[in-house]
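Working notes, beginning with the structure itself.
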Amino acid sequence: LLLKSTGTGVSWSNGHATLDLSASSNNYGAAALGITTNDDWTSEQALWLVENQKLFDRLDWLPPGTTASVAYYGGQLNNLLIEWLSRASRTKQVILFPDYDGVGLLNYARLKSKLGKKCSFWLMPGWKHLLKEFGNNRIWLDTFGDFKSANHRLQEIDNPELQQLMSEMQKQALALEQEAIWLSTRNQEGHNVQN
């Protein structure tokens, strides 16, 4: 698992060894944690999952004061990662910030089904404006099958803000890539959507 930290004092421990992620991030830029579903790695800080490397490389988009691990997963959430996260109390919270498209929403549905309330979906500041101004119809069309599947699976979740996002995506036939976060106003705060 490719990780880096934001904030100080971020670490992972398995009872025998400790990965000081803050020190590794400062000294080397990132760290890799070998994972298996039956290992004991845990962290007291939240874990953010991002699917695009640009957001992993440059963390200035995170809400001010965030202390957490950030992991890069490259488009599709690996089944091993989902199983690993679901097997134990790995971290107090898992926050998914995907592209707002069918793949990203289906990844959230898969993660949510395993992690329940420990998992949240992050809505970037000003997402409605960004979707309207910078949304992409080609990505919407290319991932529409996954959107339909995710929409069906996420209907069970009582989550008005996520439902609003999916409704706007469907009305406008647009998807939005993560990199749009840098087009949003920095003084607005994004928020996690749970339930």
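By convention here, the chains of the structure tokens are called A, B, ... in the order presented, each chain's residues are numbered starting at 1, and ligands are numbered starting at 1 in the order presented.
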message: I need the residues of region 62-175 of chain A that end up classed as helix (DSSP H, G or I) by DSSP on the backbone, written out as a PyMOL selection string.
response: chain A and resi 79-87+102-118+127-134+137-142+144-154+160-172
Please save C-alpha atoms of the selected residues as a PDB file, in the first residue's frame.
ATOM      1  CA  ASN A  79     -10.236  -6.508  -3.537  1.00  0.00           C
ATOM      2  CA  LEU A  80      -7.254  -7.240  -1.282  1.00  0.00           C
ATOM      3  CA  LEU A  81      -7.270  -3.641  -0.024  1.00  0.00           C
ATOM      4  CA  ILE A  82     -11.019  -3.755   0.687  1.00  0.00           C
ATOM      5  CA  GLU A  83     -10.683  -7.091   2.508  1.00  0.00           C
ATOM      6  CA  TRP A  84      -7.649  -5.805   4.407  1.00  0.00           C
ATOM      7  CA  LEU A  85      -9.554  -2.725   5.565  1.00  0.00           C
ATOM      8  CA  SER A  86     -12.558  -4.808   6.615  1.00  0.00           C
ATOM      9  CA  ARG A  87     -10.714  -7.503   8.581  1.00  0.00           C
ATOM     10  CA  GLY A 102     -19.405   5.514 -12.193  1.00  0.00           C
ATOM     11  CA  VAL A 103     -16.133   3.838 -11.223  1.00  0.00           C
ATOM     12  CA  GLY A 104     -15.621   6.102  -8.205  1.00  0.00           C
ATOM     13  CA  LEU A 105     -19.181   5.627  -6.969  1.00  0.00           C
ATOM     14  CA  LEU A 106     -19.045   1.867  -7.458  1.00  0.00           C
ATOM     15  CA  ASN A 107     -15.765   1.753  -5.531  1.00  0.00           C
ATOM     16  CA  TYR A 108     -17.520   3.608  -2.713  1.00  0.00           C
ATOM     17  CA  ALA A 109     -20.451   1.170  -2.776  1.00  0.00           C
ATOM     18  CA  ARG A 110     -18.029  -1.775  -2.553  1.00  0.00           C
ATOM     19  CA  LEU A 111     -16.093  -0.183   0.302  1.00  0.00           C
ATOM     20  CA  LYS A 112     -19.223   0.911   2.154  1.00  0.00           C
ATOM     21  CA  SER A 113     -20.702  -2.586   2.010  1.00  0.00           C
ATOM     22  CA  LYS A 114     -17.657  -3.900   3.904  1.00  0.00           C
ATOM     23  CA  LEU A 115     -16.851  -0.998   6.256  1.00  0.00           C
ATOM     24  CA  GLY A 116     -20.255   0.501   7.040  1.00  0.00           C
ATOM     25  CA  LYS A 117     -20.152   3.699   9.101  1.00  0.00           C
ATOM     26  CA  LYS A 118     -16.347   3.697   9.282  1.00  0.00           C
ATOM     27  CA  TRP A 127     -18.756  20.425  -6.281  1.00  0.00           C
ATOM     28  CA  LYS A 128     -22.063  21.596  -7.806  1.00  0.00           C
ATOM     29  CA  HIS A 129     -20.414  24.534  -9.564  1.00  0.00           C
ATOM     30  CA  LEU A 130     -17.420  22.421 -10.587  1.00  0.00           C
ATOM     31  CA  LEU A 131     -19.631  19.697 -12.034  1.00  0.00           C
ATOM     32  CA  LYS A 132     -21.565  22.233 -14.093  1.00  0.00           C
ATOM     33  CA  GLU A 133     -18.469  24.120 -15.300  1.00  0.00           C
ATOM     34  CA  PHE A 134     -15.915  21.331 -15.699  1.00  0.00           C
ATOM     35  CA  ASN A 137     -19.801  13.931 -20.692  1.00  0.00           C
ATOM     36  CA  ARG A 138     -17.397  11.394 -22.255  1.00  0.00           C
ATOM     37  CA  ILE A 139     -16.372  10.064 -18.827  1.00  0.00           C
ATOM     38  CA  TRP A 140     -20.044   9.984 -17.818  1.00  0.00           C
ATOM     39  CA  LEU A 141     -20.889   7.864 -20.849  1.00  0.00           C
ATOM     40  CA  ASP A 142     -17.853   5.609 -20.455  1.00  0.00           C
ATOM     41  CA  PHE A 144     -22.501   4.875 -17.011  1.00  0.00           C
ATOM     42  CA  GLY A 145     -22.830   1.112 -16.469  1.00  0.00           C
ATOM     43  CA  ASP A 146     -20.885   1.398 -13.213  1.00  0.00           C
ATOM     44  CA  PHE A 147     -22.962   4.455 -12.268  1.00  0.00           C
ATOM     45  CA  LYS A 148     -26.214   2.492 -12.665  1.00  0.00           C
ATOM     46  CA  SER A 149     -24.856  -0.339 -10.518  1.00  0.00           C
ATOM     47  CA  ALA A 150     -23.555   2.054  -7.845  1.00  0.00           C
ATOM     48  CA  ASN A 151     -26.780   4.067  -7.853  1.00  0.00           C
ATOM     49  CA  HIS A 152     -28.784   0.901  -7.231  1.00  0.00           C
ATOM     50  CA  ARG A 153     -26.471  -0.221  -4.403  1.00  0.00           C
ATOM     51  CA  LEU A 154     -26.290   3.208  -2.754  1.00  0.00           C
ATOM     52  CA  PRO A 160     -29.076  13.083   1.054  1.00  0.00           C
ATOM     53  CA  GLU A 161     -25.827  14.786  -0.018  1.00  0.00           C
ATOM     54  CA  LEU A 162     -24.538  11.753  -1.882  1.00  0.00           C
ATOM     55  CA  GLN A 163     -27.957  11.257  -3.445  1.00  0.00           C
ATOM     56  CA  GLN A 164     -27.880  14.901  -4.546  1.00  0.00           C
ATOM     57  CA  LEU A 165     -24.471  14.392  -6.199  1.00  0.00           C
ATOM     58  CA  MET A 166     -25.706  11.331  -8.072  1.00  0.00           C
ATOM     59  CA  SER A 167     -28.903  13.111  -9.082  1.00  0.00           C
ATOM     60  CA  GLU A 168     -26.983  16.106 -10.457  1.00  0.00           C
ATOM     61  CA  MET A 169     -24.579  13.853 -12.328  1.00  0.00           C
ATOM     62  CA  GLN A 170     -27.516  12.052 -13.912  1.00  0.00           C
ATOM     63  CA  LYS A 171     -29.458  15.233 -14.754  1.00  0.00           C
ATOM     64  CA  GLN A 172     -26.439  16.861 -16.374  1.00  0.00           C
TER      65      GLN A 172
END
query: Could you name the residues that touch Trp48 (chain A) at 6 Å or less, counting only C-alpha atoms, but leaving out those on the same chain fewer than 6 positions away, as a ChimeraX atom specification?
result: /A:70,94-96
Could the residues in this selection be saved with all heavy atoms as a PDB file, in the first residue's frame?
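Result written to out15.pdb:
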ATOM      1  N   VAL A  70      -2.558   9.100   3.681  1.00  0.00           N
ATOM      2  CA  VAL A  70      -3.190   9.189   2.365  1.00  0.00           C
ATOM      3  C   VAL A  70      -2.612   8.052   1.529  1.00  0.00           C
ATOM      4  O   VAL A  70      -1.396   7.876   1.465  1.00  0.00           O
ATOM      5  CB  VAL A  70      -2.914  10.549   1.695  1.00  0.00           C
ATOM      6  CG1 VAL A  70      -3.558  10.611   0.308  1.00  0.00           C
ATOM      7  CG2 VAL A  70      -3.409  11.698   2.569  1.00  0.00           C
ATOM      8  N   VAL A  94     -12.113   5.637   7.245  1.00  0.00           N
ATOM      9  CA  VAL A  94     -11.609   5.569   5.879  1.00  0.00           C
ATOM     10  C   VAL A  94     -12.425   6.565   5.064  1.00  0.00           C
ATOM     11  O   VAL A  94     -13.656   6.494   5.033  1.00  0.00           O
ATOM     12  CB  VAL A  94     -11.741   4.151   5.291  1.00  0.00           C
ATOM     13  CG1 VAL A  94     -11.309   4.134   3.833  1.00  0.00           C
ATOM     14  CG2 VAL A  94     -10.925   3.155   6.107  1.00  0.00           C
ATOM     15  N   ILE A  95     -11.731   7.504   4.436  1.00  0.00           N
ATOM     16  CA  ILE A  95     -12.387   8.551   3.653  1.00  0.00           C
ATOM     17  C   ILE A  95     -11.998   8.346   2.193  1.00  0.00           C
ATOM     18  O   ILE A  95     -10.823   8.403   1.842  1.00  0.00           O
ATOM     19  CB  ILE A  95     -11.948   9.951   4.140  1.00  0.00           C
ATOM     20  CG1 ILE A  95     -12.251  10.111   5.627  1.00  0.00           C
ATOM     21  CG2 ILE A  95     -12.637  11.041   3.307  1.00  0.00           C
ATOM     22  CD1 ILE A  95     -11.466  11.213   6.306  1.00  0.00           C
ATOM     23  N   LEU A  96     -13.001   8.106   1.370  1.00  0.00           N
ATOM     24  CA  LEU A  96     -12.760   7.894  -0.055  1.00  0.00           C
ATOM     25  C   LEU A  96     -12.999   9.201  -0.795  1.00  0.00           C
ATOM     26  O   LEU A  96     -14.058   9.805  -0.670  1.00  0.00           O
ATOM     27  CB  LEU A  96     -13.686   6.812  -0.604  1.00  0.00           C
ATOM     28  CG  LEU A  96     -13.497   6.477  -2.083  1.00  0.00           C
ATOM     29  CD1 LEU A  96     -12.145   5.794  -2.314  1.00  0.00           C
ATOM     30  CD2 LEU A  96     -14.626   5.583  -2.580  1.00  0.00           C
TER      31      LEU A  96
END
query: Counting only C-alpha atoms, what is within 7 Å of region 16-30 of chain A, bar same-chain residues fewer than 6 positions away, as number ranges by chain?
result: A: 3-5, 8-10
Selected residues written out, N, CA and C atoms, as a PDB file, in the first residue's frame:
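Generated file (selection-v5.pdb):
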ATOM      1  N   LEU A   3       1.684   4.874   0.716  1.00  0.00           N
ATOM      2  CA  LEU A   3       1.167   5.814   1.709  1.00  0.00           C
ATOM      3  C   LEU A   3       2.056   7.031   1.854  1.00  0.00           C
ATOM      4  N   LYS A   4       1.440   8.139   2.250  1.00  0.00           N
ATOM      5  CA  LYS A   4       2.187   9.286   2.752  1.00  0.00           C
ATOM      6  C   LYS A   4       1.331   9.924   3.824  1.00  0.00           C
ATOM      7  N   SER A   5       1.923  10.802   4.594  1.00  0.00           N
ATOM      8  CA  SER A   5       1.185  11.409   5.702  1.00  0.00           C
ATOM      9  C   SER A   5       0.959  12.882   5.461  1.00  0.00           C
ATOM     10  N   THR A   8       1.489  15.726  11.609  1.00  0.00           N
ATOM     11  CA  THR A   8       2.593  15.088  12.338  1.00  0.00           C
ATOM     12  C   THR A   8       2.080  13.939  13.202  1.00  0.00           C
ATOM     13  N   GLY A   9       2.987  13.043  13.526  1.00  0.00           N
ATOM     14  CA  GLY A   9       2.656  11.935  14.417  1.00  0.00           C
ATOM     15  C   GLY A   9       1.833  10.828  13.787  1.00  0.00           C
ATOM     16  N   VAL A  10       1.861  10.723  12.471  1.00  0.00           N
ATOM     17  CA  VAL A  10       1.093   9.678  11.789  1.00  0.00           C
ATOM     18  C   VAL A  10       1.945   8.413  11.733  1.00  0.00           C
TER      19      VAL A  10
END
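One distance worth recording is that between CA of Thr143 (chain A) and CA of Pro98 (chain A), which is 13.2 Å.
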message: At a cut-off of 8 Å, using only C-alpha atoms, what residues contact Trp61 (chain A)? Leave out same-chain residues fewer than 6 positions from it and give the result as a ChimeraX atom specification.
response: /A:55,181-182
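Note that the spacing between CA of Ala175 (chain A) and CA of Asp99 (chain A) amounts to 7.8 Å.
For region 12-190 of chain A, a DSSP pass over the backbone yields strand (DSSP E) at Trp12, Ser13, Thr18, Leu19, Asp20, Ala31, Ala32, Ala46, Leu47, Trp48, Leu49, Val50, Ala68, Ser69, Val70, Ala71, Tyr72, Val94, Ile95, Leu96, Phe97, Cys119, Ser120, Phe121, Trp122 and Leu123 of chain A.
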